[in-house]
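A.B. asks: For reference, the structure I am asking about is given below.
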Amino acid sequence: MVEIQIIALAADWPTMRVDPRFIELMRLARVANSLALAYPALFLPFTDQSPKARRDRFAGLLFSAALLKEGLHTARSLGRWFRELPQYTEGFGAILSDPAVQ
């Protein structure tokens, strides 16, 4: 697991919190964090067919699908600000240009 920290000076916060680049990055961070919350339900063993396990697997699948759609939409919007950065072109740029993803 990769841990990312964002550290900002209190004096920079009023400007940073309304910067569209920061807002989009935080949307993507929220999606990634929410996916981490949904994954345990997806990995419940199929041998457990209790109503709770079935409900949790189904909810995890639907929630993850919605998050992935939102995450891809957010990743596409990041190109507006980060297209020139190698982290974008080698990461999201490669993913979004993949025919299987398209």
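Chain labels A, B, ... are given in the sequence in which chains occur in the structure tokens; within each chain residues are numbered consecutively from 1, and ligands are likewise numbered from 1 in the order shown.
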Which residues, written as a ChimeraX atom specification, have at least one atom at most 12 Å from A:Lys69, with only C-alpha atoms counted and residues fewer than 4 positions away on the same chain left out?

C.D. replies: /A:28,31-32,35,62-65,73-76,101-102

A.B. asks: How would the residues just chosen look if you wrote them out with C-alpha atoms as a PDB file, in the first residue's frame?

C.D. replies:
ATOM      1  CA  LEU A  28      -9.366  11.222  -7.106  1.00  0.00           C
ATOM      2  CA  VAL A  31     -12.324   7.654  -5.035  1.00  0.00           C
ATOM      3  CA  ALA A  32      -9.161   5.693  -4.196  1.00  0.00           C
ATOM      4  CA  LEU A  35     -12.383   1.792  -3.288  1.00  0.00           C
ATOM      5  CA  LEU A  62     -22.077  -1.846  -7.406  1.00  0.00           C
ATOM      6  CA  PHE A  63     -20.248   0.696  -5.253  1.00  0.00           C
ATOM      7  CA  SER A  64     -16.885  -0.183  -6.843  1.00  0.00           C
ATOM      8  CA  ALA A  65     -18.319   0.076 -10.356  1.00  0.00           C
ATOM      9  CA  HIS A  73     -13.962  10.619 -15.405  1.00  0.00           C
ATOM     10  CA  THR A  74     -11.809  12.459 -12.866  1.00  0.00           C
ATOM     11  CA  ALA A  75      -8.602  11.020 -14.338  1.00  0.00           C
ATOM     12  CA  ARG A  76      -9.606  12.291 -17.785  1.00  0.00           C
ATOM     13  CA  VAL A 101     -10.084   0.977 -21.114  1.00  0.00           C
ATOM     14  CA  GLN A 102     -11.682   3.059 -23.859  1.00  0.00           C
TER      15      GLN A 102
END

A.B. asks: Skip A:Ile4 itself and residues of its chain fewer than 6 positions away, then list as a PyMOL selection string all residues within 12 Å of it, counting only C-alpha atoms.

C.D. replies: chain A and resi 25-26+29+32-33

A.B. asks: To one decimal place, how far is atom CA of A:Ser34 from atom CA of A:Leu61 in Å?

C.D. replies: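 Straight-line distance from atom CA of A:Ser34 to atom CA of A:Leu61 works out to 12.4 Å.
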
A.B. asks: Excluding A:Phe82 and any residue of its chain fewer than 5 positions from it, enumerate the residues within 12 Å of it, using only C-alpha atoms, and give them as a VMD selection string.

C.D. replies: chain A and resid 20 to 22 24 to 25 75 to 77 87 to 93

A.B. asks: Would you mind reading off the distance between atom CA of A:Ala36 and atom CA of A:Glu70, one decimal, in Å?

C.D. replies: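 So the answer is 14.7 Å.
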
A.B. asks: Grab the atom CA of A:Pro40 to atom CA of A:Ile95 distance for me, in Å with one decimal place.

C.D. replies: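 Atom-to-atom, atom CA of A:Pro40 to atom CA of A:Ile95, that is 24.5 Å.
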
A.B. asks: With distances taken over only C-alpha atoms, which of A:Ala10, A:Leu96, A:Met16, A:Ile23 is nearest to A:Leu72?

C.D. replies: A:Leu96

A.B. asks: Identify, with DSSP run on backbone atoms, the residues in chain A assigned to helix (DSSP H, G or I), and express the list as an NGL selection string.

C.D. replies: :A and (13-16 or 20-42 or 51-82 or 86-90 or 92-97)

A.B. asks: Residues within 10 Å of A:Arg54, please, as number ranges by chain. Count only C-alpha atoms; anything in the same chain fewer than 5 positions from it doesn't count.

C.D. replies: A: 41-42, 44-46, 48-49, 59-60
